[in-house]
>>> print(open('my_file23.cif').read())   # mmCIF, C-alpha atoms and all ligand atoms
data_final
loop_
_atom_site.label_atom_id
_atom_site.label_comp_id
_atom_site.auth_asym_id
_atom_site.auth_seq_id
_atom_site.Cartn_x
_atom_site.Cartn_y
_atom_site.Cartn_z
CA MET A 1 0.00 0.00 0.00
CA THR A 2 1.38 3.45 -0.89
CA ASP A 3 1.00 6.61 1.26
CA ASP A 4 -2.03 7.70 -0.72
CA GLY A 5 -3.75 4.38 -0.06
CA PHE A 6 -3.40 2.82 -3.51
CA ALA A 7 -1.86 -0.58 -4.04
CA PRO A 8 1.00 -0.23 -6.56
CA ALA A 9 0.27 -1.77 -9.98
CA PRO A 10 1.72 -5.28 -10.09
CA ALA A 11 4.95 -5.43 -12.09
CA LEU A 12 4.65 -7.39 -15.30
CA SER A 13 6.92 -10.39 -15.48
CA PRO A 14 9.29 -10.91 -18.44
CA ASP A 15 7.40 -14.09 -19.25
CA LEU A 16 4.09 -12.25 -19.45
CA VAL A 17 5.56 -9.48 -21.61
CA ARG A 18 7.09 -12.06 -23.93
CA ARG A 19 3.73 -13.81 -24.32
CA ALA A 20 1.90 -10.54 -25.04
CA PRO A 21 1.11 -10.17 -28.76
CA LYS A 22 3.36 -7.49 -30.20
CA ALA A 23 3.44 -5.51 -33.44
CA LEU A 24 6.68 -4.07 -34.80
CA LEU A 25 6.83 -1.35 -37.45
CA HIS A 26 10.48 -0.29 -37.30
CA ASP A 27 13.12 -3.02 -37.43
CA HIS A 28 16.14 -3.04 -39.78
CA LEU A 29 16.94 -6.40 -41.36
CA ASP A 30 20.66 -5.55 -41.44
CA GLY A 31 20.46 -4.46 -37.79
CA GLY A 32 19.03 -7.71 -36.46
CA LEU A 33 21.35 -10.55 -37.42
CA ARG A 34 22.25 -13.25 -34.92
CA PRO A 35 25.95 -12.84 -34.01
CA GLN A 36 26.54 -16.53 -34.72
CA THR A 37 25.04 -16.14 -38.20
CA ILE A 38 27.36 -13.22 -38.97
CA ILE A 39 30.32 -15.37 -37.97
CA GLU A 40 29.20 -18.32 -40.10
CA LEU A 41 28.37 -16.21 -43.14
CA ALA A 42 31.68 -14.34 -42.85
CA ALA A 43 33.61 -17.63 -42.72
CA GLU A 44 31.75 -18.97 -45.78
CA ALA A 45 32.31 -15.76 -47.75
CA GLY A 46 35.94 -15.27 -46.70
CA TYR A 47 35.15 -11.94 -45.01
CA ASP A 48 37.96 -11.54 -42.47
CA ALA A 49 37.32 -8.06 -41.07
CA LEU A 50 35.00 -9.06 -38.21
CA PRO A 51 36.10 -7.64 -34.86
CA SER A 52 35.58 -11.08 -33.22
CA THR A 53 34.68 -14.62 -34.20
CA ASP A 54 33.17 -15.40 -30.81
CA ALA A 55 29.40 -14.88 -30.87
CA GLU A 56 29.12 -13.42 -27.39
CA GLU A 57 32.06 -11.10 -27.87
CA LEU A 58 30.82 -10.02 -31.29
CA GLY A 59 27.37 -9.21 -29.87
CA ARG A 60 29.03 -7.11 -27.17
CA TRP A 61 31.18 -5.35 -29.76
CA PHE A 62 28.09 -4.27 -31.71
CA ARG A 63 26.36 -2.99 -28.59
CA ASP A 64 29.40 -1.11 -27.32
CA SER A 65 30.31 0.38 -30.69
CA ALA A 66 26.76 1.54 -31.28
CA ASP A 67 26.71 3.16 -27.85
CA SER A 68 28.69 6.24 -28.84
CA GLY A 69 26.06 8.98 -28.58
CA SER A 70 26.38 9.69 -32.31
CA LEU A 71 24.11 8.42 -35.10
CA GLU A 72 26.99 8.57 -37.60
CA ARG A 73 29.19 6.27 -35.47
CA TYR A 74 26.23 4.01 -34.73
CA LEU A 75 25.75 3.56 -38.48
CA GLU A 76 29.40 2.56 -39.03
CA THR A 77 28.74 -0.80 -37.36
CA PHE A 78 26.47 -1.80 -40.25
CA SER A 79 29.46 -2.30 -42.55
CA HIS A 80 29.98 -5.76 -40.98
CA THR A 81 26.39 -6.93 -41.31
CA VAL A 82 25.98 -5.59 -44.82
CA ALA A 83 29.25 -7.32 -45.81
CA VAL A 84 27.69 -10.73 -45.17
CA MET A 85 24.39 -9.94 -46.91
CA GLN A 86 25.56 -9.91 -50.54
CA SER A 87 24.26 -13.18 -51.99
CA ALA A 88 20.74 -14.56 -52.38
CA ASP A 89 21.46 -17.39 -49.93
CA GLN A 90 22.83 -15.00 -47.33
CA LEU A 91 19.86 -12.65 -47.64
CA ARG A 92 17.37 -15.50 -47.52
CA ARG A 93 18.94 -16.93 -44.38
CA VAL A 94 19.03 -13.58 -42.58
CA ALA A 95 15.39 -12.86 -43.48
CA ARG A 96 14.22 -16.33 -42.43
CA GLU A 97 15.98 -16.01 -39.06
CA CYS A 98 14.53 -12.54 -38.58
CA ALA A 99 10.99 -13.91 -38.91
CA LEU A 100 11.77 -16.81 -36.57
CA ASP A 101 13.41 -14.63 -33.92
CA LEU A 102 10.57 -12.12 -33.90
CA ALA A 103 7.93 -14.86 -33.75
CA ALA A 104 9.72 -16.51 -30.82
CA ASP A 105 9.59 -13.16 -29.04
CA GLY A 106 5.79 -12.96 -29.37
CA VAL A 107 5.72 -10.57 -32.33
CA VAL A 108 2.62 -11.31 -34.42
CA TYR A 109 3.08 -8.62 -37.07
CA ALA A 110 6.33 -7.06 -38.26
CA GLU A 111 7.60 -4.78 -40.99
CA SER A 112 11.27 -5.46 -41.71
CA ARG A 113 13.18 -2.76 -43.60
CA PHE A 114 16.43 -2.87 -45.52
CA ALA A 115 18.19 -0.90 -48.26
CA PRO A 116 18.42 -2.99 -51.47
CA GLU A 117 21.15 -0.69 -52.84
CA LEU A 118 23.51 -1.89 -50.07
CA HIS A 119 23.27 -5.53 -51.18
CA VAL A 120 24.43 -5.48 -54.81
CA GLU A 121 28.20 -5.75 -54.26
CA GLY A 122 28.15 -9.51 -54.88
CA GLY A 123 26.55 -9.03 -58.30
CA LEU A 124 22.84 -9.34 -57.44
CA SER A 125 20.44 -7.05 -59.24
CA LEU A 126 18.06 -4.93 -57.12
CA PRO A 127 15.06 -7.19 -57.93
CA GLU A 128 17.12 -10.27 -57.02
CA VAL A 129 17.94 -8.72 -53.64
CA VAL A 130 14.27 -8.05 -52.93
CA GLU A 131 13.18 -11.50 -54.07
CA ALA A 132 15.77 -13.23 -51.85
CA VAL A 133 14.61 -11.32 -48.78
CA LEU A 134 10.94 -11.95 -49.52
CA ALA A 135 11.64 -15.68 -49.99
CA GLY A 136 13.41 -15.79 -46.62
CA LEU A 137 10.56 -14.00 -44.87
CA ARG A 138 8.03 -16.44 -46.37
CA GLU A 139 10.15 -19.42 -45.21
CA GLY A 140 10.44 -17.99 -41.71
CA GLU A 141 6.71 -17.30 -41.57
CA ALA A 142 5.89 -20.87 -42.61
CA GLU A 143 8.25 -22.35 -40.02
CA ALA A 144 7.00 -20.05 -37.28
CA ALA A 145 3.40 -21.03 -38.03
CA ALA A 146 4.35 -24.72 -37.91
CA GLN A 147 5.93 -24.11 -34.49
CA GLY A 148 2.71 -22.54 -33.19
CA THR A 149 3.98 -18.94 -33.18
CA PRO A 150 2.42 -17.41 -36.30
CA ILE A 151 3.73 -14.07 -37.52
CA ARG A 152 2.75 -11.90 -40.49
CA MET A 153 5.77 -10.18 -42.06
CA VAL A 154 6.12 -7.58 -44.75
CA SER A 155 9.16 -5.77 -45.96
CA LEU A 156 9.82 -2.05 -46.39
CA LEU A 157 12.39 -0.91 -48.95
CA THR A 158 14.75 1.79 -47.70
CA ALA A 159 16.73 4.27 -49.77
CA MET A 160 19.84 5.76 -48.18
CA ARG A 161 19.35 9.50 -47.74
CA HIS A 162 22.97 10.43 -48.62
CA ALA A 163 22.74 8.51 -51.92
CA ALA A 164 20.76 9.22 -55.08
CA MET A 165 18.83 6.02 -55.66
CA SER A 166 15.51 6.85 -54.06
CA ASP A 167 13.58 7.04 -57.37
CA GLU A 168 14.73 3.56 -58.32
CA ILE A 169 14.04 2.10 -54.88
CA ALA A 170 10.59 3.69 -54.78
CA GLU A 171 9.80 2.08 -58.14
CA LEU A 172 10.98 -1.24 -56.74
CA ALA A 173 8.67 -0.86 -53.75
CA VAL A 174 5.69 -0.32 -56.06
CA ARG A 175 6.71 -3.19 -58.34
CA TYR A 176 6.81 -5.65 -55.42
CA ARG A 177 3.87 -4.30 -53.43
CA ASP A 178 1.71 -7.37 -54.10
CA GLN A 179 4.55 -9.76 -53.28
CA GLY A 180 5.25 -8.74 -49.68
CA VAL A 181 6.68 -5.22 -49.86
CA GLY A 182 4.53 -2.95 -47.70
CA GLY A 183 6.16 0.39 -48.41
CA PHE A 184 9.20 2.64 -48.58
CA ASP A 185 11.52 4.48 -46.17
CA ILE A 186 14.61 6.65 -46.15
CA ALA A 187 17.38 6.14 -43.58
CA GLY A 188 21.00 7.00 -42.87
CA ALA A 189 22.68 10.10 -41.41
CA GLU A 190 20.03 12.78 -40.93
CA ALA A 191 21.95 16.02 -40.39
CA GLY A 192 22.72 17.57 -43.79
CA PHE A 193 20.43 15.19 -45.68
CA PRO A 194 16.89 16.57 -45.44
CA PRO A 195 14.04 14.38 -46.69
CA SER A 196 13.15 16.92 -49.39
CA ARG A 197 16.27 15.78 -51.31
CA HIS A 198 14.13 12.77 -52.23
CA LEU A 199 10.95 14.65 -53.07
CA SER A 200 10.53 13.11 -56.51
CA ALA A 201 10.47 9.61 -54.97
CA PHE A 202 7.81 10.64 -52.47
CA GLU A 203 5.71 12.37 -55.14
CA TYR A 204 5.90 9.24 -57.28
CA LEU A 205 4.82 7.04 -54.35
CA ARG A 206 1.86 9.29 -53.62
CA ARG A 207 0.77 9.18 -57.25
CA GLU A 208 0.96 5.38 -56.97
CA ASN A 209 -1.12 5.32 -53.76
CA ALA A 210 1.84 3.72 -51.97
CA HIS A 211 2.85 3.99 -48.33
CA PHE A 212 6.04 5.43 -46.90
CA THR A 213 7.69 6.37 -43.66
CA ILE A 214 10.68 8.66 -43.19
CA HIS A 215 13.39 8.55 -40.52
CA ALA A 216 13.01 12.07 -39.11
CA GLY A 217 13.47 13.85 -35.82
CA GLU A 218 16.09 11.42 -34.52
CA ALA A 219 19.50 13.10 -34.86
CA PHE A 220 18.01 16.32 -36.17
CA GLY A 221 15.03 18.31 -34.97
CA LEU A 222 11.79 19.89 -36.02
CA PRO A 223 12.75 21.06 -39.54
CA SER A 224 13.33 17.46 -40.53
CA ILE A 225 9.95 16.36 -39.13
CA TRP A 226 8.23 19.32 -40.78
CA GLU A 227 9.74 18.51 -44.18
CA ALA A 228 8.91 14.82 -43.84
CA ILE A 229 5.25 15.60 -43.22
CA GLN A 230 4.50 18.84 -45.03
CA TRP A 231 6.77 18.55 -48.06
CA CYS A 232 7.05 14.84 -48.51
CA GLY A 233 3.72 13.61 -47.13
CA ALA A 234 5.04 10.80 -44.95
CA ASP A 235 2.43 8.38 -43.60
CA ARG A 236 4.54 7.79 -40.48
CA LEU A 237 7.68 9.12 -38.79
CA GLY A 238 10.67 6.90 -38.07
CA HIS A 239 11.52 7.92 -34.49
CA GLY A 240 10.03 11.45 -34.55
CA VAL A 241 11.23 11.77 -30.97
CA ARG A 242 12.31 15.41 -31.40
CA ILE A 243 8.66 16.42 -31.79
CA VAL A 244 8.98 17.18 -28.07
CA ASP A 245 11.00 20.26 -29.06
CA ASP A 246 7.62 21.70 -30.11
CA ILE A 247 6.01 21.00 -26.73
CA THR A 248 6.46 23.53 -23.95
CA GLY A 249 5.43 23.86 -20.36
CA PRO A 250 5.51 20.97 -17.89
CA THR A 251 6.95 18.00 -19.73
CA GLY A 252 6.86 15.60 -16.82
CA THR A 253 3.85 13.32 -16.73
CA GLY A 254 0.83 14.51 -14.74
CA GLY A 255 0.19 18.04 -13.51
CA ASP A 256 -0.69 20.89 -15.86
CA GLU A 257 -1.14 20.21 -19.54
CA PRO A 258 1.87 21.08 -21.68
CA THR A 259 1.36 23.37 -24.68
CA LEU A 260 1.71 21.99 -28.18
CA GLY A 261 3.20 24.10 -30.96
CA ARG A 262 1.58 23.99 -34.40
CA LEU A 263 3.68 21.13 -35.74
CA ALA A 264 3.23 18.95 -32.66
CA ALA A 265 -0.49 19.68 -32.70
CA TYR A 266 -0.66 18.75 -36.39
CA VAL A 267 1.13 15.45 -35.77
CA ARG A 268 -1.26 14.62 -32.95
CA ASP A 269 -4.41 15.88 -34.69
CA ARG A 270 -3.65 13.91 -37.85
CA ARG A 271 -2.80 10.81 -35.79
CA ILE A 272 0.59 10.54 -37.52
CA PRO A 273 2.23 7.41 -36.11
CA LEU A 274 5.55 7.78 -34.29
CA GLU A 275 7.81 4.74 -34.63
CA MET A 276 9.64 5.18 -31.34
CA CYS A 277 12.75 3.16 -30.47
CA PRO A 278 13.82 3.88 -26.87
CA THR A 279 17.09 1.94 -26.58
CA SER A 280 18.33 3.07 -29.99
CA ASN A 281 17.69 6.68 -28.95
CA LEU A 282 19.76 6.23 -25.79
CA GLN A 283 22.65 4.95 -27.89
CA THR A 284 22.58 7.77 -30.44
CA GLY A 285 22.10 10.45 -27.78
CA ALA A 286 18.49 11.36 -28.66
CA ALA A 287 17.37 10.59 -25.08
CA GLU A 288 19.03 10.30 -21.67
CA SER A 289 17.24 7.35 -20.10
CA VAL A 290 14.17 5.19 -20.61
CA ALA A 291 12.52 6.92 -17.65
CA ALA A 292 13.14 10.34 -19.22
CA HIS A 293 12.43 9.26 -22.81
CA PRO A 294 9.74 11.46 -24.42
CA ILE A 295 7.75 8.35 -25.34
CA SER A 296 5.91 8.42 -21.99
CA LEU A 297 5.00 12.10 -22.27
CA LEU A 298 3.81 11.51 -25.84
CA LYS A 299 1.81 8.50 -24.66
CA ASP A 300 0.16 10.59 -21.94
CA LEU A 301 -0.65 13.28 -24.52
CA ARG A 302 -2.23 10.56 -26.70
CA PHE A 303 0.03 10.93 -29.72
CA ARG A 304 -0.10 7.81 -31.87
CA VAL A 305 2.91 6.20 -30.20
CA THR A 306 4.31 2.83 -31.21
CA VAL A 307 7.16 0.86 -29.59
CA ASN A 308 9.93 -0.54 -31.79
CA THR A 309 13.36 -2.14 -31.75
CA ASP A 310 15.19 -0.33 -34.61
CA ASN A 311 18.28 -2.59 -34.54
CA ARG A 312 18.09 -5.61 -32.28
CA LEU A 313 21.76 -6.50 -32.77
CA MET A 314 23.24 -3.03 -32.20
CA SER A 315 20.95 -2.41 -29.23
CA GLY A 316 21.06 -5.94 -27.81
CA THR A 317 17.30 -5.74 -27.67
CA SER A 318 13.97 -7.27 -28.64
CA MET A 319 10.35 -6.11 -28.62
CA SER A 320 9.88 -7.77 -25.23
CA ARG A 321 12.94 -6.01 -23.84
CA GLU A 322 11.82 -2.58 -25.08
CA MET A 323 8.41 -3.12 -23.51
CA GLN A 324 9.89 -4.48 -20.29
CA LEU A 325 12.11 -1.42 -19.96
CA LEU A 326 9.06 0.83 -20.32
CA VAL A 327 7.26 -1.20 -17.66
CA ASP A 328 10.17 -1.31 -15.21
CA GLU A 329 11.63 2.16 -15.74
CA ALA A 330 8.72 4.30 -16.93
CA GLY A 331 5.76 2.68 -15.18
CA TRP A 332 3.96 1.39 -18.27
CA THR A 333 1.05 -0.98 -17.60
CA LEU A 334 -0.36 -3.93 -19.53
CA ASP A 335 -3.02 -1.54 -20.84
CA ASP A 336 -0.30 0.76 -22.16
CA LEU A 337 1.38 -2.14 -23.96
CA ARG A 338 -1.96 -3.15 -25.47
CA TRP A 339 -2.63 0.44 -26.54
CA ALA A 340 0.79 0.76 -28.22
CA THR A 341 0.27 -2.57 -29.98
CA ILE A 342 -3.14 -1.55 -31.31
CA ASN A 343 -1.64 1.80 -32.38
CA ALA A 344 1.01 -0.11 -34.33
CA MET A 345 -1.56 -2.34 -36.01
CA LYS A 346 -3.72 0.67 -36.91
CA SER A 347 -0.62 2.24 -38.50
CA ALA A 348 0.61 -0.84 -40.36
CA PHE A 349 1.14 -0.74 -44.13
CA ILE A 350 -1.08 -3.76 -44.83
CA PRO A 351 -4.71 -3.32 -45.96
CA PHE A 352 -7.26 -2.11 -43.41
CA ASP A 353 -9.25 -5.34 -43.25
CA GLU A 354 -6.08 -7.34 -42.55
CA ARG A 355 -5.04 -4.92 -39.81
CA LEU A 356 -8.46 -5.19 -38.24
CA ALA A 357 -8.38 -8.98 -38.37
CA ILE A 358 -5.08 -9.07 -36.45
CA ILE A 359 -6.37 -6.56 -33.88
CA GLU A 360 -9.65 -8.40 -33.31
CA ARG A 361 -8.49 -12.01 -33.62
CA VAL A 362 -4.99 -11.88 -32.16
CA VAL A 363 -4.16 -8.71 -30.22
CA LYS A 364 -7.34 -8.13 -28.22
CA PRO A 365 -7.89 -11.79 -27.23
CA GLY A 366 -4.18 -12.15 -26.39
CA TYR A 367 -4.20 -9.19 -24.01
CA ALA A 368 -7.56 -10.22 -22.53
CA ALA A 369 -6.11 -13.63 -21.66
CA LEU A 370 -3.07 -12.02 -20.05
CA ALA A 371 -5.15 -9.52 -18.11
CA ALA A 372 -7.26 -12.38 -16.78
CA ALA A 373 -4.12 -14.18 -15.67
CA THR A 374 -2.62 -11.23 -13.72
O1 LIG A 401 18.06 4.59 -36.51
C1 LIG A 401 18.52 4.72 -37.66
N1 LIG A 401 18.58 5.95 -38.22
C2 LIG A 401 19.00 6.14 -39.49
N2 LIG A 401 19.45 5.15 -40.25
C3 LIG A 401 19.46 3.91 -39.73
C4 LIG A 401 18.99 3.65 -38.44
N3 LIG A 401 19.13 2.33 -38.20
C5 LIG A 401 19.64 1.80 -39.31
N4 LIG A 401 19.84 2.74 -40.23
C6 LIG A 401 20.41 2.59 -41.57
C7 LIG A 401 21.59 1.65 -41.60
C8 LIG A 401 21.15 0.50 -42.45
O2 LIG A 401 22.18 -0.02 -43.25
C9 LIG A 401 20.05 1.10 -43.29
C10 LIG A 401 19.07 0.13 -43.91
O3 LIG A 401 18.52 -0.75 -42.99
O4 LIG A 401 19.41 1.99 -42.41
ZN ZN A 402 15.76 3.03 -37.98
#
>>> encode(input="my_file23.cif", output="structure tokens")
Amino acid sequence: MTDDGFAPAPALSPDLVRRAPKALLHDHLDGGLRPQTIIELAAEAGYDALPSTDAEELGRWFRDSADSGSLERYLETFSHTVAVMQSADQLRRVARECALDLAADGVVYAESRFAPELHVEGGLSLPEVVEAVLAGLREGEAEAAAQGTPIRMVSLLTAMRHAAMSDEIAELAVRYRDQGVGGFDIAGAEAGFPPSRHLSAFEYLRRENAHFTIHAGEAFGLPSIWEAIQWCGADRLGHGVRIVDDITGPTGTGGDEPTLGRLAAYVRDRRIPLEMCPTSNLQTGAAESVAAHPISLLKDLRFRVTVNTDNRLMSGTSMSREMQLLVDEAGWTLDDLRWATINAMKSAFIPFDERLAIIERVVKPGYAALAAAT
């Protein structure tokens, strides 16, 4: 019993959080490899630049190296994963394992993104890269279903914002939209590379009635978010955490209402989904701690918040871990986890009726069963 007479909310156990149905919108395929897989693929391909050939040590190396407080240095670690994702077999294996790992973690719907242009050094064409990944995701889905942990996976095609291939990648996303590609994204270093550099790709996607998200408001602030929404027409924001720069007044939870600036109000009014990735933000310096991460303020203000992993390898994380951290360090409840999961499903790039079916048949019954058990 607390001083004010209320019993504290029961903590949620890791087992319960793992069993909760989860939906993941922001996860990089090249940021989620198993360390052991990297080692095996590197040995097969004769890639000898890995910092370690011990799985545990290699996992630690990725986490430590990504923990620099800088997005640019964080991104340098991807050279090792991308190096072992250059053949169809390698890509298929990585995609299959991604689906299996997410399903084992209780993820029931996931969008896995990657940049096809980074995977052509071994001679694959862009369509071959996409087809290999899609084949791996389908294999992983089939195996996960056979194991009793069904997962629905789609892929998002990313263009690198410092490069000049976004028109081609956007066309690829439209070409494969009925074969498992859900949409398009841009990623990479944000400062100096505003989303409007890729305006023609976004205009093309809108003409094609296609979906896209943009990494914005992670390492750079409001101008990047504003461009992503008002120039480019993004359906969702990758991270978007810096939207708090447009919120003034008390920014702790509870107490007086904070004041929203025009951009923050627009994002909330239009229900623009925020793909938030707490641990990743701690590593790149976008937030100080999980307790102080703007995700809880944005949740309390009823922005359309979703919880995501970004890069499971570089952050040593999983969907369950991200949720557990929010529970343990920011006081999130089972209801909050359910709300974030439904937000993610409402914001998914699959058709409305399919989103609804997952919400009604999987998410709601799953959380109801857990609530009854607590
Ligand atoms: O959090 C991120 N911000 C910007 N770019 C990122 C982030 N995580 C991964 N990337 C980049 C590195 C990958 O090679 C690329 C495609 O997945 O996307
Ligand atoms: Zn990302």
>>> atom_distance(input="my_file23.cif", atom1="atom CA of A:Leu157", atom2="atom CA of A:Phe184")
4.8 Å
>>> axis_aligned_box(input="my_file23.cif", around="ligand LIG 401 (chain A)", padding_each_side="3 Å", output="lines of an AutoDock Vina configuration file")
center_x = 20.1
center_y = 2.7
center_z = -40.2
size_x = 10.1
size_y = 12.9
size_z = 13.4
>>> closest_residue(input="my_file23.cif", among="A:His239, A:Lys364, A:Lys299, A:Arg161", to="ligand ZN 402 (chain A)", atoms="all atoms listed in the file")
A:His239
>>> residues_near_ligand(input="my_file23.cif", ligand="ligand ZN 402 (chain A)", cutoff="8 Å", atoms="all atoms listed in the file", output="list in words")
His26, Asp27, His28, Ala187, His215, Gly238, His239, Asp310 and Asn311 of chain A
>>> residues_near_ligand(input="my_file23.cif", ligand="ligand LIG 401 (chain A)", cutoff="7 Å", atoms="all atoms listed in the file", output="PyMOL selection string")
chain A and resi 28-31+71+75+78+82+113-115+158+160+187-190+215+280+310-311
>>> write_last_selection(input="my_file23.cif", atoms="C-alpha atoms", output="short mmCIF file (atom, residue, chain, number, x, y, z; two decimals), keeping the file's coordinate frame")
data_model
loop_
_atom_site.label_atom_id
_atom_site.label_comp_id
_atom_site.auth_asym_id
_atom_site.auth_seq_id
_atom_site.Cartn_x
_atom_site.Cartn_y
_atom_site.Cartn_z
CA HIS A 28 16.14 -3.04 -39.78
CA LEU A 29 16.94 -6.40 -41.36
CA ASP A 30 20.66 -5.55 -41.44
CA GLY A 31 20.46 -4.46 -37.79
CA LEU A 71 24.11 8.42 -35.10
CA LEU A 75 25.75 3.56 -38.48
CA PHE A 78 26.47 -1.80 -40.25
CA VAL A 82 25.98 -5.59 -44.82
CA ARG A 113 13.18 -2.76 -43.60
CA PHE A 114 16.43 -2.87 -45.52
CA ALA A 115 18.19 -0.90 -48.26
CA THR A 158 14.75 1.79 -47.70
CA MET A 160 19.84 5.76 -48.18
CA ALA A 187 17.38 6.14 -43.58
CA GLY A 188 21.00 7.00 -42.87
CA ALA A 189 22.68 10.10 -41.41
CA GLU A 190 20.03 12.78 -40.93
CA HIS A 215 13.39 8.55 -40.52
CA SER A 280 18.33 3.07 -29.99
CA ASP A 310 15.19 -0.33 -34.61
CA ASN A 311 18.28 -2.59 -34.54
#
>>> residues_near_point(input="my_file23.cif", point="(-7.0, -8.1, -34.8)", cutoff="12 Å", atoms="all atoms listed in the file", output="MDAnalysis selection string")
chainID A and resid 21:23 108:109 152 338 341:346 348 352:367
>>> atom_distance(input="my_file23.cif", atom1="atom CA of A:Ala55", atom2="atom CA of A:Arg312")
14.7 Å
>>> atom_distance(input="my_file23.cif", atom1="atom CA of A:Leu25", atom2="atom CA of A:Leu260")
25.6 Å
>>> residues_near_point(input="my_file23.cif", point="(9.8, 21.0, -45.0)", cutoff="10 Å", atoms="all atoms listed in the file", output="JSON, numbers by chain")
{"A": [194, 195, 196, 222, 223, 224, 225, 226, 227, 228, 229, 230, 231, 232, 233]}
>>> write_last_selection(input="my_file23.cif", atoms="C-alpha atoms", output="PDB file, keeping the file's coordinate frame")
ATOM      1  CA  PRO A 194      16.890  16.570 -45.440  1.00  0.00           C
ATOM      2  CA  PRO A 195      14.040  14.380 -46.690  1.00  0.00           C
ATOM      3  CA  SER A 196      13.150  16.920 -49.390  1.00  0.00           C
ATOM      4  CA  LEU A 222      11.790  19.890 -36.020  1.00  0.00           C
ATOM      5  CA  PRO A 223      12.750  21.060 -39.540  1.00  0.00           C
ATOM      6  CA  SER A 224      13.330  17.460 -40.530  1.00  0.00           C
ATOM      7  CA  ILE A 225       9.950  16.360 -39.130  1.00  0.00           C
ATOM      8  CA  TRP A 226       8.230  19.320 -40.780  1.00  0.00           C
ATOM      9  CA  GLU A 227       9.740  18.510 -44.180  1.00  0.00           C
ATOM     10  CA  ALA A 228       8.910  14.820 -43.840  1.00  0.00           C
ATOM     11  CA  ILE A 229       5.250  15.600 -43.220  1.00  0.00           C
ATOM     12  CA  GLN A 230       4.500  18.840 -45.030  1.00  0.00           C
ATOM     13  CA  TRP A 231       6.770  18.550 -48.060  1.00  0.00           C
ATOM     14  CA  CYS A 232       7.050  14.840 -48.510  1.00  0.00           C
ATOM     15  CA  GLY A 233       3.720  13.610 -47.130  1.00  0.00           C
TER      16      GLY A 233
END
>>> closest_residue(input="my_file23.cif", among="A:Asp235, A:Asp256, A:Asp105, A:Glu171", to="A:Glu275", atoms="all atoms listed in the file")
A:Asp235
>>> closest_residue(input="my_file23.cif", among="A:Ile38, A:Leu282, A:Ala49, A:Val267", to="A:Ser315", atoms="only C-alpha atoms")
A:Leu282
>>> closest_residue(input="my_file23.cif", among="A:Ala287, A:Leu313, A:Ala173, A:Cys277", to="A:Thr77", atoms="all atoms listed in the file")
A:Leu313
>>> residues_around(input="my_file23.cif", residues="stretch 326-328 of chain A", least_positions_apart="2", cutoff="12 Å", atoms="only C-alpha atoms", output="JSON, numbers by chain")
{"A": [9, 10, 11, 12, 13, 14, 16, 17, 276, 277, 278, 279, 289, 290, 291, 292, 293, 294, 295, 296, 299, 307, 308, 319, 320, 321, 322, 323, 324, 330, 331, 332, 333, 334, 335, 336, 337, 340]}
>>> residues_around(input="my_file23.cif", residues="A:Gly182", least_positions_apart="4", cutoff="7 Å", atoms="only C-alpha atoms", output="list in words")
Val154, Ser155, Leu156, Arg177, Phe349 and Ile350 of chain A
>>> closest_residue(input="my_file23.cif", among="A:Leu41, A:Ala144, A:Ala95, A:Ala286", to="A:Val129", atoms="all atoms listed in the file")
A:Ala95
>>> residues_around(input="my_file23.cif", residues="A:Leu58", least_positions_apart="6", cutoff="10 Å", atoms="only C-alpha atoms", output="list in words")
Arg34, Pro35, Gln36, Ile38, Ile39, Leu50, Pro51, Ser52, Asp64 and Leu313 of chain A
>>> closest_residue(input="my_file23.cif", among="A:Pro250, A:Gly180, A:Gly240, A:Gly69", to="A:Val305", atoms="only C-alpha atoms")
A:Gly240
>>> residues_around(input="my_file23.cif", residues="stretch 87-91 of chain A", least_positions_apart="5", cutoff="9 Å", atoms="only C-alpha atoms", output="number ranges by chain")
A: 41, 96, 119-124, 128-133, 136
>>> build_atoms(input="my_file23.cif", residues="stretch 235-242 of chain A", atoms="N, CA and C atoms", output="PDB file, keeping the file's coordinate frame")
ATOM      1  N   ASP A 235       3.528   8.999 -44.360  1.00  0.00           N
ATOM      2  CA  ASP A 235       2.430   8.380 -43.600  1.00  0.00           C
ATOM      3  C   ASP A 235       2.798   8.265 -42.127  1.00  0.00           C
ATOM      4  N   ARG A 236       4.092   7.999 -41.873  1.00  0.00           N
ATOM      5  CA  ARG A 236       4.540   7.790 -40.480  1.00  0.00           C
ATOM      6  C   ARG A 236       5.909   8.439 -40.317  1.00  0.00           C
ATOM      7  N   LEU A 237       6.340   8.602 -39.063  1.00  0.00           N
ATOM      8  CA  LEU A 237       7.680   9.120 -38.790  1.00  0.00           C
ATOM      9  C   LEU A 237       8.536   8.049 -38.132  1.00  0.00           C
ATOM     10  N   GLY A 238       9.695   7.788 -38.707  1.00  0.00           N
ATOM     11  CA  GLY A 238      10.670   6.900 -38.070  1.00  0.00           C
ATOM     12  C   GLY A 238      11.313   7.671 -36.933  1.00  0.00           C
ATOM     13  N   HIS A 239      11.090   7.242 -35.725  1.00  0.00           N
ATOM     14  CA  HIS A 239      11.520   7.920 -34.490  1.00  0.00           C
ATOM     15  C   HIS A 239      10.582   9.105 -34.201  1.00  0.00           C
ATOM     16  N   GLY A 240      10.876  10.286 -34.805  1.00  0.00           N
ATOM     17  CA  GLY A 240      10.030  11.450 -34.550  1.00  0.00           C
ATOM     18  C   GLY A 240      10.141  11.979 -33.127  1.00  0.00           C
ATOM     19  N   VAL A 241      11.138  11.477 -32.402  1.00  0.00           N
ATOM     20  CA  VAL A 241      11.230  11.770 -30.970  1.00  0.00           C
ATOM     21  C   VAL A 241      11.404  13.269 -30.687  1.00  0.00           C
ATOM     22  N   ARG A 242      12.036  13.986 -31.622  1.00  0.00           N
ATOM     23  CA  ARG A 242      12.310  15.410 -31.400  1.00  0.00           C
ATOM     24  C   ARG A 242      11.051  16.269 -31.526  1.00  0.00           C
TER      25      ARG A 242
END
